[in-house]
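First comes the structure, then the notes that go with it.
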Amino acid sequence: MTRTAVIVDAVRTPSGRGKPGGALSGIHPVDLAAHVLRATLERSGLESAQVDDVLLGCVSQVGEQSMNLARQAVLAAGFDERVPATTIDRQCGSSQQAAHFAAQGVMAGQYDIVIAGGVESMSRVPLGSSASVAGSPSSPGLRARYPDGLVNQGVSAELIAQRWGLGRDDLDAYAAESHERAAEAAAQGRFDAQLLPVPGPGGEPAGDETIRPGTTVAALAQLAPAFRTDALAARFPDLDWRITAGNSSPLTDGASAVLIMAEETASALGLRPRARFHSFAVTGDDPLMMLTGPIPATRRILERSGLTIDDLDAYEVNEAFASVPLAWAAELGADAAKLNPWGGAIALGHALGSSGTRLLGTLLGHLEATGGRYGLQTMCEGGGMANATIIERL
């Protein structure tokens with residue numbers, strides 16, 4: 001008999017600017033992850049030995065984020081040495097995949113209690129670091145299949161904007177609204193229940209550094225395209241080059257975690273389940289367009305769940321670039337008011353390995369604040385993939 005997997009808690013650090021001098025840049029990523037692991041235990045009253053496994057997402061698994069970061073974080077957090085841990089890389093969806101594996105393990109009867117989460121310190125381990133070591137993942141076999149070569153995600157975001165007819169004004173307007181929604185949610189204390197105190201460089205508590213209240217379309221319009229090069233312009237002569245730093249997610253430091261367990265385990269421990277995992281999906285898609293995966297992933301999960309887009313009370317679609325949720329919404333006929341209602345990664349940051357469980361916590365918080373029942377989370381991922389999750393508030 002399949003058991004019900006439930007979410008008991010969700011926590012995250014503030015989103016720090018992912019560059020030297022950012023509020024979290026002085027914290028080793030292992031210790032940043034350990035911080036959310038300790039907090040998860042403390043808030044629930046659990047002993048670490050009760051945890052069956054710790055699954056953490058991390059994308060740039062090199063240098064300070066190498067050698068199975070999850071295990072290092074478990075040890076740094078002071079957990080019982082018998083608690084195992086593993087690190088997952090499904091690119092930007094790494095911690096969402098960690099939550100999938102955790103919940104599926106609970107449902108299969110292999111786990112009772114799991115912590116799923118993720119971390120990324122983009123100030124200390126810069127984006128692309130893992131590809132800068134000796135050798136290249138672009139093998140002869142891969143080049144034979146794609147002789148023109150694949151492209152970076154910024155170019156994929158440009159190709160999406162072109163295919164769906166999204167102009168620069170559309171992208172900048174969406175980005176400005178993301179900041180406006182996030183700033184309003186922060187001012188109303190919507191994130192307080194999940195935000196963990198972390199001291200900044202001066203010892204004062206750090207806040208979400210990536211939210212920019214008062215961001216305007218006019219200000220964003222002054223920014224230059226971020227991904228155009230002469231070689232790419234020659235390869236894609238029809239592109240208008242409209243993706244900028246302002247309508248993209250910023251480099252970010254952060255960690256997040258969710259506490260997942262069997263519903264009967266929560267009951268036995270006197271812990272309140274806040275939501276249950278309803279449905280899962282993961283899919284691959286065109287690796288050149290790369291970021292369109294949330295569209296087929298959403299269609300697949302709706303088919304599996306028996307729900308329609310109108311049954312969902314909110315959807316968190318990761319804002320890697322503004323063109324991604326805008327194209328997704330156009331294809332699915334989604335309600336713009338339900339899309340990233342507390343702002344998305346353009347404002348709240350995209351600490352790659354942490355983003356999946358950060359979005360999950362934001363979605364859960366919104367459903368609780370509004371009385372919504374069903375929420376969808378989906379994320380585009382490097383290489384042309386996407387995860388999708390539907391949770392039901394309890």
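By order of appearance in the structure tokens: chains A, B, ..., then residues from 1 within every chain, and ligands from 1 in the order shown.
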
DSSP helix (DSSP H, G or I) selection over stretch 57-142 of chain A, as a VMD selection string
chain A and resid 63 to 65 69 to 76 94 to 107 129 to 131 140 to 142

Would you list the contacts of stretch 49-59 of chain A as a PyMOL selection string, taking every protein, DNA or RNA residue within 7 Å and counting only C-alpha atoms, but skipping same-chain residues closer than 6 positions in sequence?
chain A and resi 70+80+83-89+91+94-95+98+111-120+352-354

Mind running stretch 153-221 of chain A against stretch 232-252 of chain A at 6 Å and telling me each contacting residue's nearest atom pair with the distance in Å (one decimal), counting only C-alpha atoms, chain and number ascending, as a Markdown table?
| residue | atom | partner | partner_atom | distance |
| --- | --- | --- | --- | --- |
| A:Arg168 | CA | A:Arg242 | CA | 5.4 |
| A:Asp172 | CA | A:Asn247 | CA | 5.7 |
| A:Ala175 | CA | A:Asn247 | CA | 5.1 |
| A:Leu220 | CA | A:Gly246 | CA | 5.8 |

Quick one: pick out all strand (DSSP E) residues within stretch 29-247 of chain A from a backbone DSSP run and write them as number ranges by chain.
A: 53-57, 85-88, 113-121

Given only C-alpha atoms, how would the per-residue table for stretch 288-379 of chain A near stretch 210-215 of chain A read, listing every residue at most 6 Å away with its closest atom pair and distance in Å to one decimal, sorted by chain and number, as a tab-separated table?
residue	atom	partner	partner_atom	distance
A:Ala347	CA	A:Ile211	CA	4.6
A:Leu348	CA	A:Thr210	CA	5.7
A:Gly349	CA	A:Thr210	CA	5.8

Taking 4 positions as the minimum chain separation for residues in the same chain, which residues sit within 10 Å of A:Ile301 when counting only C-alpha atoms? Answer as a count of residues only.
17

Non-local contacts of A:Leu394 (10 Å; only C-alpha atoms; under 6 positions in same chain excluded) as an NGL selection string
:A and (6-7 or 272-276 or 367-368 or 371-374)

Produce a file of the selected residues containing C-alpha atoms, as a short mmCIF file (atom, residue, chain, number, x, y, z; two decimals), in the first residue's frame.
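Everything below was put into part.cif:
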data_model
loop_
_atom_site.label_atom_id
_atom_site.label_comp_id
_atom_site.auth_asym_id
_atom_site.auth_seq_id
_atom_site.Cartn_x
_atom_site.Cartn_y
_atom_site.Cartn_z
CA VAL A 6 3.83 15.03 3.60
CA ILE A 7 5.73 18.27 4.11
CA ARG A 272 1.43 18.77 11.80
CA PRO A 273 1.55 17.86 8.11
CA ARG A 274 1.18 21.06 6.09
CA ALA A 275 0.82 19.57 2.61
CA ARG A 276 0.99 16.25 0.82
CA LEU A 367 -1.29 28.26 -0.29
CA GLU A 368 -1.45 28.56 3.50
CA GLY A 371 -6.40 29.08 1.72
CA GLY A 372 -5.54 27.54 -1.65
CA ARG A 373 -5.64 23.79 -2.09
CA TYR A 374 -3.43 22.78 -5.03
#

Counting only C-alpha atoms, the option among A:Ala76, A:Ala337, A:Ala351, A:Ala131 closest to A:Arg17:
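For A:Arg17, the nearest of the candidates is A:Ala351.
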
Tell me, as a PyMOL selection string, which residues lie within 8 Å of A:Cys380, counting only C-alpha atoms; anything in the same chain fewer than 2 positions away does not count.
chain A and resi 92-93+290-294+318+320+324+378+382+384-387

Only C-alpha atoms, please: the residues just picked out, written as a PDB file, in the first residue's frame.
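The resulting selection-v2.pdb:
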ATOM      1  CA  CYS A  92      18.493  24.088 -11.720  1.00  0.00           C
ATOM      2  CA  GLY A  93      15.949  21.518 -10.546  1.00  0.00           C
ATOM      3  CA  MET A 290      16.656  24.026 -23.349  1.00  0.00           C
ATOM      4  CA  LEU A 291      14.293  26.026 -21.110  1.00  0.00           C
ATOM      5  CA  THR A 292      10.952  24.949 -22.593  1.00  0.00           C
ATOM      6  CA  GLY A 293      10.813  21.758 -20.492  1.00  0.00           C
ATOM      7  CA  PRO A 294       8.249  23.145 -17.995  1.00  0.00           C
ATOM      8  CA  ASN A 318      11.122  29.334 -11.983  1.00  0.00           C
ATOM      9  CA  ALA A 320      15.507  31.774 -14.753  1.00  0.00           C
ATOM     10  CA  VAL A 324      10.457  31.132 -19.541  1.00  0.00           C
ATOM     11  CA  THR A 378       8.004  23.489 -12.250  1.00  0.00           C
ATOM     12  CA  GLY A 382      20.154  22.792 -18.095  1.00  0.00           C
ATOM     13  CA  GLY A 384      16.650  20.629 -21.734  1.00  0.00           C
ATOM     14  CA  MET A 385      14.787  19.029 -18.820  1.00  0.00           C
ATOM     15  CA  ALA A 386      12.121  19.970 -16.269  1.00  0.00           C
ATOM     16  CA  ASN A 387      10.594  18.691 -13.063  1.00  0.00           C
TER      17      ASN A 387
END

Looking at only C-alpha atoms, which of A:Leu32, A:Leu24, A:Ala77, A:Ala224 is the one that sits closest to A:Ala255?
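Closest residue, counting only C-alpha atoms: A:Leu32.
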
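Across A:Ala33, A:Val8, A:Ala183, A:Ala219, the tightest approach to A:Ile260 is made by A:Val8 when counting only C-alpha atoms.
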
Nearest residue to A:Leu259 out of A:Gly361, A:Gly333, A:Gly165, A:Gly343, using only C-alpha atoms?
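Result for the nearest residue to A:Leu259: A:Gly361.
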
Could you give me, as a list in words, the residues within 10 Å of A:Ala336, counting only C-alpha atoms and dropping anything in the same chain fewer than 4 positions from it?
Ala314, Tyr315, Pro325, Leu326, Ala329, Ala330, Asn340 and Pro341 of chain A

Would you put the residues from that selection into a file with C-alpha atoms, as a PDB file, in the first residue's frame?
ATOM      1  CA  ALA A 314      -0.940  28.948  -7.617  1.00  0.00           C
ATOM      2  CA  TYR A 315       1.992  28.022  -9.808  1.00  0.00           C
ATOM      3  CA  PRO A 325       7.318  31.724 -17.403  1.00  0.00           C
ATOM      4  CA  LEU A 326       5.808  33.988 -20.062  1.00  0.00           C
ATOM      5  CA  ALA A 329       1.784  30.780 -19.368  1.00  0.00           C
ATOM      6  CA  ALA A 330       0.971  31.401 -23.031  1.00  0.00           C
ATOM      7  CA  ASN A 340       4.685  33.448  -9.021  1.00  0.00           C
ATOM      8  CA  PRO A 341       2.315  35.571  -6.904  1.00  0.00           C
TER       9      PRO A 341
END

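Remark: for A:Asp31, the closest of the candidate residues A:Glu64, A:Glu392, A:Asp335, A:Glu177 is A:Glu64 (distances computed over only C-alpha atoms).
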
Atom CA of A:Arg228 to atom CA of A:Gln162: how many Å, to one decimal?
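The value is 14.1 Å.
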
Can you pull out every residue within 9 Å of A:Val198, counting only C-alpha atoms, but drop anything in the same chain fewer than 4 positions away, and send it as an mmCIF file with C-alpha atoms, in the first residue's frame?
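Saved as selection03.cif:
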data_model
loop_
_atom_site.group_PDB
_atom_site.id
_atom_site.type_symbol
_atom_site.label_atom_id
_atom_site.label_comp_id
_atom_site.auth_asym_id
_atom_site.auth_seq_id
_atom_site.Cartn_x
_atom_site.Cartn_y
_atom_site.Cartn_z
ATOM 1 C CA THR A 13 18.314 31.382 4.118
ATOM 2 C CA PRO A 14 17.948 34.881 2.711
ATOM 3 C CA ALA A 23 25.702 39.050 2.469
ATOM 4 C CA LEU A 24 26.331 35.284 2.419
ATOM 5 C CA HIS A 35 22.621 25.920 8.841
ATOM 6 C CA GLY A 203 27.033 40.887 12.020
ATOM 7 C CA GLU A 204 23.564 42.263 11.348
ATOM 8 C CA PRO A 205 20.871 39.826 10.108
ATOM 9 C CA ALA A 206 20.970 39.428 6.347
ATOM 10 C CA GLY A 207 17.829 39.948 4.278
#

Residue nearest A:Ile309 - candidates A:Ala322, A:Leu332, A:Ala185, A:Ala144, atoms counted: only C-alpha atoms
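When distances to A:Ile309 are compared using only C-alpha atoms, the smallest one comes from A:Leu332.
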